[in-house]
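> Got a structure for you, written out below as structure tokens; questions coming shortly.
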Amino acid sequence: MDTSNYEDQMAEFSGLFKRLSIPILIVSGLLTVALGAHLLTSPPEFRTDLNDFAPESESNKAHEEIHAFFPDESRPMFVHVTDDNGGNILSMNSLMEMDADLAVLKLDERVQLSAVVSWTTTPGMIQIALDEQSPGTTLADYQDWPSLVDAIVEDDTTCSISQDDALLSTVNFVGSALVNKNLDISKTCSYLSSGEGDAVPAADSTAWVLEIDPELGEEERREIQHQIRLAFADISTSSNLEYSVASLDLMSYDIDQGTFDNLALLILFATLVVIALLFVAFRNVKGVLFPVVSLNVALIFTYGSLNLIGIQFTALEVAVAPLVLGLGIDYAIHLQRSFAYHRTNTDDVSEAWMRACGKLSVPLSLAVVTTVAAFLANIVSPLPPLATFGIALAFGVICAFLTSTLLIGALHVTFNANAITQERKPLKLTNLTQPLLQLHRKQQVAVLLVAMAISAASVIGAMQLETDFDLSDFVNEEMEIMSVRDEINANYDSAGWKYVYVLMEPVGGGVIPDDVTLLDNLRDLHSNLKNNHDVVGTDERFPSPSYEGPYVVLRDAILRDKSFGDAHGLEVDYNDVWDDPDAIIDLGLVFADLQNNYTIADPLTGKTWSDRVNATVHLDGTNIAHLRTEVRVEATTSTESKRVISGFESMIGESDEDGTLRTALKDYAVIHVTGDLVVLQQVLEGLSSSQLKSTAISLIVSFAVLLLLTRRILPAFIVLLPVGMAALWVVGSMAVLGIKWNVLTVLVTALTLGIGIDYTIHMWRRIEWELQRQDDHWDALKTSLETTGVALMLSAATTAAGFLVLMLSPMPVIQDFGLITAVTVFFSLVLALVLLPVLLELAARAQEVGENGA
């Protein structure tokens with residue numbers, strides 16, 4: 001396809017461009033300085049939290065509305081406590097030291113005591129027991145375990161526990177979540193039965209849980225936990241005990257604190273790689289310096305503009321820089337190679353640059369359009385950070401395109417007026433192009449068969465891919481918080497639990513009827529939780545689900561005080577709450593009575609009955625307005641989270657399913673399952689939705705652009721087919737490499753279309769143009785490979801190298817994205833240089849046969 005008319009048209013503007021070159025440099029310089037200064041004085045704040053990725057949904061809306069009447073979602077901070085010498089953490093010396101260290105911690109000015117609403121600590125639990133059984137004494141009053149056991153445990157107590165024991169749930173929770181799984185209480189049990197021995201229990205570690213005020217803002221809550229972590233670190237240096245801290249908030253804090261440094265490091269490495277490859281491609285200082293300057297200006301434009309308008313950055317935006325550099329260098333290489341060719345025909349630098357732009361105007365502009373469309377397709381994503389990331393990438397590509405065409409051109413016009421003879425001849429790489437030409441001549445069928453076979457295998461591999469999302473994917477695996485999390489997971493049966501909430505609100509407003517039907521269904525919910533092995537405490541000898549809700553508050557109150565149950569017509573039998581058939585049940589009145597009880601209700605945290613009621617029941621006078629059940633569950637991976645939420649939804653059922661909780665209470669309450677795990681499941685579903693939508697939009701836009709360009713369906717399909725195959729190959733390679741779908745890899749199919757269409761359009765346009773200039777098809781293909789083909793190889797090398805720099809990131813999710821995007825570039829290049837010419841040749845033959853037959 002002849003492009004000389006475009007060249008001539010653009011050449012007419014060479015005088016204007018020459019006059020505008022210096023103004024372009026001045027304006028670019030001023031904007032760069034202004035935006036760069038703003039970045040330095042007001043650097044972007046990166047915030048990466050699960051809730052930031054949460055899409056809008058009915059359950060999230062209900063969670064926010066109902067939680068207005070309750071404390072916000074609990075934010076546990078886990079402290080893993082061990083002895084420096086590997087000794088028994090439950091020895092009396094260790095207990096005393098823990099007690100002293102806890103006192104030091106609470107006196108540390110960095111620790112905001114008001115921000116910690118609950119302290120579940122080993123010495124704290126013992127002190128609560130002493131306050132109940134031996135008032136007026138403290139842990140320091142006891143020098144050995146036998147005296148401590150005598151002070152806490154009533155006479156005739158044994159180690160056995162029954163299903164009706166009031167402390168069954170507490171014992172199960174402590175054993176599975178707060179003490180190392182190697183806990184040995186044989187000596188304690190022996191002492192209880194015989195009164196002899198040292199009664200010392202043994203364990204390698206214990207866990208403390210600090211509940212941080214959930215009403216605090218995210219930033220404040222994270223900073224408070226960080227300060228507590230620093231205080232624990234200082235205590236560890238002077239103590240014989242080691243205190244290691246982990247929480248989701250601290251993980252988000254560490255991600256955000258390291259993101260900016262990570263970004264700067266990646267930009268530095270990407271720039272160095274680009275410089276090296278540009279030098280190989282052009283072998284002169286200006287051919288390297290001008291693209292590097294322009295692309296770094298594009299980065300400042302991109303990040304500076306987004307920061308200026310107040311875009312909320314997440315760790316995803318780290319990947320913008322290498323992507324912009326990788327794609328932008330592609331534009332720069334094509335333009336500068338074309339510019340070098342035209343410099344051999346004209347002394348006017350401005351004319352040579354304008355002719356280069358004219359020659360590449362169609363393929364380059366169409367490539368930019370399809371790439372931008374591929375990124376902007378993420379606007380339809382239900383996940384806000386992913387939509388923002390798509391906008392940032394699209395804007396970055398536009399900036400890279402503008403600086404590559406305008407700024408590089410202005411630099412050449414202003415500073416590159418040397419003689420033509422100083423221009424070096426471009427590389428032809430005949431050692432690569434010749435084998436390719438022979439492959440096209442002799443192995444066309446083999447090329448097609450291999451491409452089809454790999455595509456079929458890729459489809460099978462794609463079906464095996466899983467979707468995954470975890471904040472730990474953004475954290476360097478060598479960071480302390482990751483090792484602490486691993487230690488916690490390894491040492492406790494139910495470590496680092498998460499919460500699922502079952503919320504109930506009245507049907508149509510008003511209040512929830514508080515009769516025996518509600519009690520029966522709360523009992524059924526309790527029974528279902530007891531049979532759910534994802535719930536903490538259900539794998540013990542006598543399963544007792546670890547959760548806080550109206551039913552267990554009611555049960556514990558009756559177990560502690562039978563007369564309280566008698567007064568309200570309630571009793572506990574086989575650890576379940578039953579009503580007296582002759583009594584009128586008014587649960588609202590029961591909870592109102594408990595709400596005025598300020599004695600200790602929780603032996604672990606010291607919370608009162610009033611605290612527990614306020615956290616589970618919202619009362620309107622003596623009527624029940626809302627109910628909240630907070631369930632501790634075990635889920636460390638996305639797959640486990642999906643199973644947990646699926647199990648809860650199945651357990652609650654639908655309102656039109658017989659025998660389900662929703663059906664039984666459909667006239668009483670609307671039931672919602674919410675919490676971080678539900679949000680995580682929605683994020684996973686949003687990722688899948690984003691991947692499908694962005695790919696579909698990219699395909700439609702790419703085909704529309706090609707159809708507009710070719711004005712024929714078959715050529716458009718031929719040019720798009722290698723790109724579609726490249727997308728399939730990339731997905732198949734993910735299965736081979738063990739890479740899952742995540743917040744970044746869901747972009748690879750759309751990214752493959754954006755990159756691949758660039759390569760195929762360039763190659764197709766060149767072959768069409770050469771066919772008009774040369775009579776022989778193979779000569780035209782040879783010239784195309786030695787010119788545009790080599791340019792594509794060089795630009796692909798720099799683009800892939802820019803993406804591979806992402807593997808230097810400490811974030812696993814960024815590393816995976818860097819690897820798979822480099823693979824994307826490789827497959828796009830291979831199919832553009834190998835498969836596309838074969839398809840074009842076969843199409844040309846078919847057309848000739850058709851014409852001859854006619």
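By order in the structure tokens, chains are A, B, ...; within a chain, residues start at 1; ligands start at 1, following the order shown.
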Identify, on the basis of only C-alpha atoms, every residue whose closest approach to Ser91 in chain A does not exceed 8 Å; exclude the query and any residue fewer than 5 positions from it along the same chain; express the result as a PyMOL selection string.
chain A and resi 200-202
> Write out as a list in words all residues of range 474-604 of chain A that backbone DSSP assigns to strand (DSSP E or B).
Lys498, Tyr499, Val500, Tyr501, Val502, Leu503, Met504, Glu505, Pro506, Ile512, Val535, Tyr547, Glu548, Leu570, Glu571, Val572, Asp573, Asp576, Val577, Trp578, Asp579 and Ile600 of chain A
> Select, from A:Val297, A:Ser610, A:Ile460, A:Thr371, the residue with the minimum atom-to-atom distance to Val27 in chain A, counting only C-alpha atoms.
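Going through A:Val297, A:Ser610, A:Ile460, A:Thr371 one by one, the smallest distance to Val27 in chain A is for A:Val297.
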> Neighbours of Asp576 in chain A within 8 Å (only C-alpha atoms; same-chain residues fewer than 4 positions away dropped), as a ChimeraX atom specification?
/A:523,555,572
> Just N, CA and C atoms for this one: save the residues we selected as a PDB file, in the first residue's frame.

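Writing the result to result_24.pdb gives the following:
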```pdb
ATOM      1  N   ARG A 523     -30.770 -21.093  66.457  1.00  0.00           N
ATOM      2  CA  ARG A 523     -30.212 -22.374  66.889  1.00  0.00           C
ATOM      3  C   ARG A 523     -29.811 -23.211  65.664  1.00  0.00           C
ATOM      4  N   ARG A 555     -26.687 -18.124  75.013  1.00  0.00           N
ATOM      5  CA  ARG A 555     -26.291 -19.414  75.583  1.00  0.00           C
ATOM      6  C   ARG A 555     -25.311 -19.239  76.731  1.00  0.00           C
ATOM      7  N   VAL A 572     -30.547 -24.216  78.766  1.00  0.00           N
ATOM      8  CA  VAL A 572     -29.542 -24.798  77.886  1.00  0.00           C
ATOM      9  C   VAL A 572     -29.482 -26.286  78.136  1.00  0.00           C
TER      10      VAL A 572
END
```
> Counting only C-alpha atoms, what is within 7 Å of range 436-452 of chain A, bar same-chain residues fewer than 5 positions away, as a list in words?
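Those residues are Lys782, Leu835 and Val838 of chain A.
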> Considering only C-alpha atoms, return as a PyMOL selection string whatever protein or nucleic-acid residues lie within 6 Å of Ala822 in chain A, sequence-local ones (same chain, fewer than 2 positions apart) excluded.
chain A and resi 800+803+819-820+824-825
> Would you save the residues from that selection as a PDB file, in the first residue's frame, using N, CA and C atoms?

```
ATOM      1  N   ALA A 800      10.200  -5.880  25.368  1.00  0.00           N
ATOM      2  CA  ALA A 800      10.273  -7.043  26.258  1.00  0.00           C
ATOM      3  C   ALA A 800      11.249  -6.798  27.391  1.00  0.00           C
ATOM      4  N   PHE A 803       9.664  -4.713  29.946  1.00  0.00           N
ATOM      5  CA  PHE A 803       8.723  -5.479  30.759  1.00  0.00           C
ATOM      6  C   PHE A 803       9.446  -6.423  31.724  1.00  0.00           C
ATOM      7  N   LEU A 819       6.981 -10.977  33.567  1.00  0.00           N
ATOM      8  CA  LEU A 819       7.328 -12.165  32.795  1.00  0.00           C
ATOM      9  C   LEU A 819       6.311 -12.423  31.690  1.00  0.00           C
ATOM     10  N   ILE A 820       5.037 -12.368  32.030  1.00  0.00           N
ATOM     11  CA  ILE A 820       4.018 -12.731  31.046  1.00  0.00           C
ATOM     12  C   ILE A 820       3.869 -11.662  29.968  1.00  0.00           C
ATOM     13  N   THR A 824       4.271 -12.047  26.056  1.00  0.00           N
ATOM     14  CA  THR A 824       3.298 -11.460  25.132  1.00  0.00           C
ATOM     15  C   THR A 824       3.987 -10.810  23.937  1.00  0.00           C
ATOM     16  N   VAL A 825       5.018 -10.040  24.219  1.00  0.00           N
ATOM     17  CA  VAL A 825       5.767  -9.368  23.154  1.00  0.00           C
ATOM     18  C   VAL A 825       6.410 -10.399  22.229  1.00  0.00           C
TER      19      VAL A 825
END
```
> Here is a test: counting only C-alpha atoms, which residue of A:Asn528, A:Ser190, A:Thr314, A:Thr538 is nearest to Glu649 in chain A?
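Once distances to Glu649 in chain A are computed over only C-alpha atoms, the minimum belongs to A:Asn528.
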> Fewer than 4 positions away in the same chain doesn't count, so skip those; otherwise give me all residues within 12 Å of Gln434 in chain A, counting only C-alpha atoms, as a VMD selection string.
chain A and resid 428 to 430 438 to 441 778 to 779 781 to 786 789 to 790
> Do you know which residues are at most 10 Å from range 12-24 of chain A counting only C-alpha atoms, after dropping those on the same chain fewer than 2 positions away, and could you put them as a list in words?
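The residues satisfying every condition are Glu7, Asp8, Gln9, Met10, Ile26, Val27, Ser28, Gly29, Leu30, Asp348, Val349, Ser350, Glu351, Ala352, Trp353, Met354, Arg355, Thr403, Leu406, Leu407, Ile408, Gly409, Ala410, Leu411, His412, Val413 and Thr414 of chain A.
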> Which value, in Å to one decimal, gives the distance between CA of Phe542 in chain A and CA of Arg632 in chain A?
17.1 Å
> Restricting the calculation to only C-alpha atoms: of A:Leu268, A:Leu677, A:Val288, A:Leu325, which residue gets closest to Ile645 in chain A?
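The answer is A:Leu677, which sits nearest to Ile645 in chain A.
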> Restricting the calculation to only C-alpha atoms: of A:Val743, A:Val79, A:Leu554, A:Ala321, which residue gets closest to Glu685 in chain A?
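With only C-alpha atoms as the atom set, the closest residue is A:Val743.
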> Would you compute the distance between CA of Ala392 in chain A and CA of Gln691 in chain A? Give it in Å to one decimal.
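Calculated distance between CA of Ala392 in chain A and CA of Gln691 in chain A is 17.3 Å.
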> Check range 723-845 of chain A with DSSP on the backbone and list each residue it calls alpha helix (DSSP H), as a VMD selection string.
chain A and resid 723 to 737 748 to 773 777 to 784 790 to 804 812 to 830 836 to 845
> Keeping only C-alpha atoms, write those residues as a short mmCIF file (atom, residue, chain, number, x, y, z; two decimals), in the first residue's frame.

```
data_model
loop_
_atom_site.label_atom_id
_atom_site.label_comp_id
_atom_site.auth_asym_id
_atom_site.auth_seq_id
_atom_site.Cartn_x
_atom_site.Cartn_y
_atom_site.Cartn_z
CA VAL A 723 -3.02 -11.38 17.21
CA GLY A 724 -5.85 -13.59 18.48
CA MET A 725 -3.55 -16.60 18.39
CA ALA A 726 -0.90 -14.67 20.31
CA ALA A 727 -3.48 -13.97 23.04
CA LEU A 728 -4.28 -17.69 23.21
CA TRP A 729 -0.59 -18.62 23.37
CA VAL A 730 -0.01 -16.17 26.19
CA VAL A 731 -2.84 -17.66 28.24
CA GLY A 732 -1.49 -21.15 27.54
CA SER A 733 1.99 -20.08 28.64
CA MET A 734 0.49 -18.84 31.91
CA ALA A 735 -0.69 -22.37 32.60
CA VAL A 736 2.77 -23.76 31.78
CA LEU A 737 4.54 -21.14 33.95
CA VAL A 748 -2.54 -9.62 29.28
CA THR A 749 -5.11 -10.68 26.70
CA ALA A 750 -6.16 -7.09 26.01
CA LEU A 751 -2.49 -6.05 26.16
CA THR A 752 -1.59 -8.77 23.66
CA LEU A 753 -4.20 -7.41 21.28
CA GLY A 754 -2.84 -3.90 21.72
CA ILE A 755 0.78 -4.91 21.15
CA GLY A 756 0.10 -7.60 18.56
CA ILE A 757 -2.06 -5.39 16.39
CA ASP A 758 0.78 -2.88 16.33
CA TYR A 759 3.21 -5.47 14.97
CA THR A 760 0.82 -7.02 12.46
CA ILE A 761 -0.29 -3.64 11.07
CA HIS A 762 3.33 -2.56 10.61
CA MET A 763 4.25 -5.82 8.91
CA TRP A 764 1.13 -6.01 6.77
CA ARG A 765 1.46 -2.41 5.59
CA ARG A 766 5.12 -2.93 4.68
CA ILE A 767 4.45 -6.12 2.72
CA GLU A 768 1.58 -4.44 0.84
CA TRP A 769 3.79 -1.47 0.04
CA GLU A 770 6.71 -3.59 -1.14
CA LEU A 771 4.41 -5.69 -3.33
CA GLN A 772 3.44 -2.53 -5.18
CA ARG A 773 7.12 -1.63 -5.67
CA HIS A 777 6.48 -11.70 -3.85
CA TRP A 778 9.58 -13.18 -2.18
CA ASP A 779 11.69 -10.12 -2.94
CA ALA A 780 8.97 -7.96 -1.40
CA LEU A 781 8.89 -10.20 1.68
CA LYS A 782 12.70 -10.15 1.91
CA THR A 783 12.77 -6.35 1.87
CA SER A 784 9.93 -6.21 4.39
CA VAL A 790 14.19 -5.85 11.84
CA ALA A 791 12.59 -2.72 13.28
CA LEU A 792 9.97 -4.92 14.92
CA MET A 793 12.67 -7.22 16.31
CA LEU A 794 14.54 -4.29 17.82
CA SER A 795 11.44 -2.62 19.21
CA ALA A 796 10.19 -5.96 20.55
CA ALA A 797 13.55 -6.54 22.24
CA THR A 798 13.43 -3.15 23.94
CA THR A 799 9.75 -3.55 24.84
CA ALA A 800 10.27 -7.04 26.26
CA ALA A 801 13.38 -5.89 28.12
CA GLY A 802 11.37 -3.03 29.61
CA PHE A 803 8.72 -5.48 30.76
CA LEU A 804 11.28 -7.95 32.11
CA PRO A 812 5.36 -11.23 43.23
CA VAL A 813 2.33 -9.96 41.33
CA ILE A 814 4.49 -7.41 39.48
CA GLN A 815 7.12 -10.07 38.77
CA ASP A 816 4.53 -12.38 37.20
CA PHE A 817 3.17 -9.53 35.12
CA GLY A 818 6.63 -8.60 33.89
CA LEU A 819 7.33 -12.16 32.79
CA ILE A 820 4.02 -12.73 31.05
CA THR A 821 4.07 -9.37 29.26
CA ALA A 822 7.55 -10.16 27.93
CA VAL A 823 6.13 -13.46 26.70
CA THR A 824 3.30 -11.46 25.13
CA VAL A 825 5.77 -9.37 23.15
CA PHE A 826 7.67 -12.45 22.01
CA PHE A 827 4.58 -14.29 20.77
CA SER A 828 3.22 -11.16 19.08
CA LEU A 829 6.52 -10.71 17.25
CA VAL A 830 6.84 -14.37 16.23
CA LEU A 836 1.18 -13.36 9.03
CA PRO A 837 3.31 -13.57 5.86
CA VAL A 838 2.14 -17.17 5.38
CA LEU A 839 -1.51 -16.15 5.71
CA LEU A 840 -1.02 -13.24 3.31
CA GLU A 841 0.71 -15.51 0.77
CA LEU A 842 -2.04 -18.14 0.96
CA ALA A 843 -4.70 -15.45 0.64
CA ALA A 844 -2.92 -14.01 -2.41
CA ARG A 845 -2.74 -17.47 -4.01
#
```
> Smallest atom-to-atom distance to Ile481 in chain A: which of A:Lys181, A:Leu587, A:Leu248, A:Asn51, using only C-alpha atoms?
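The closest residue to Ile481 in chain A is A:Leu248.
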> Please report the interatomic distance between CA of Asn532 in chain A and CA of Val174 in chain A in Å with one decimal.
18.7 Å
> Under the rule that only C-alpha atoms are counted, which of A:Leu522, A:Val171, A:Ala151, A:Val81 is the nearest residue to Pro543 in chain A?
A:Val171
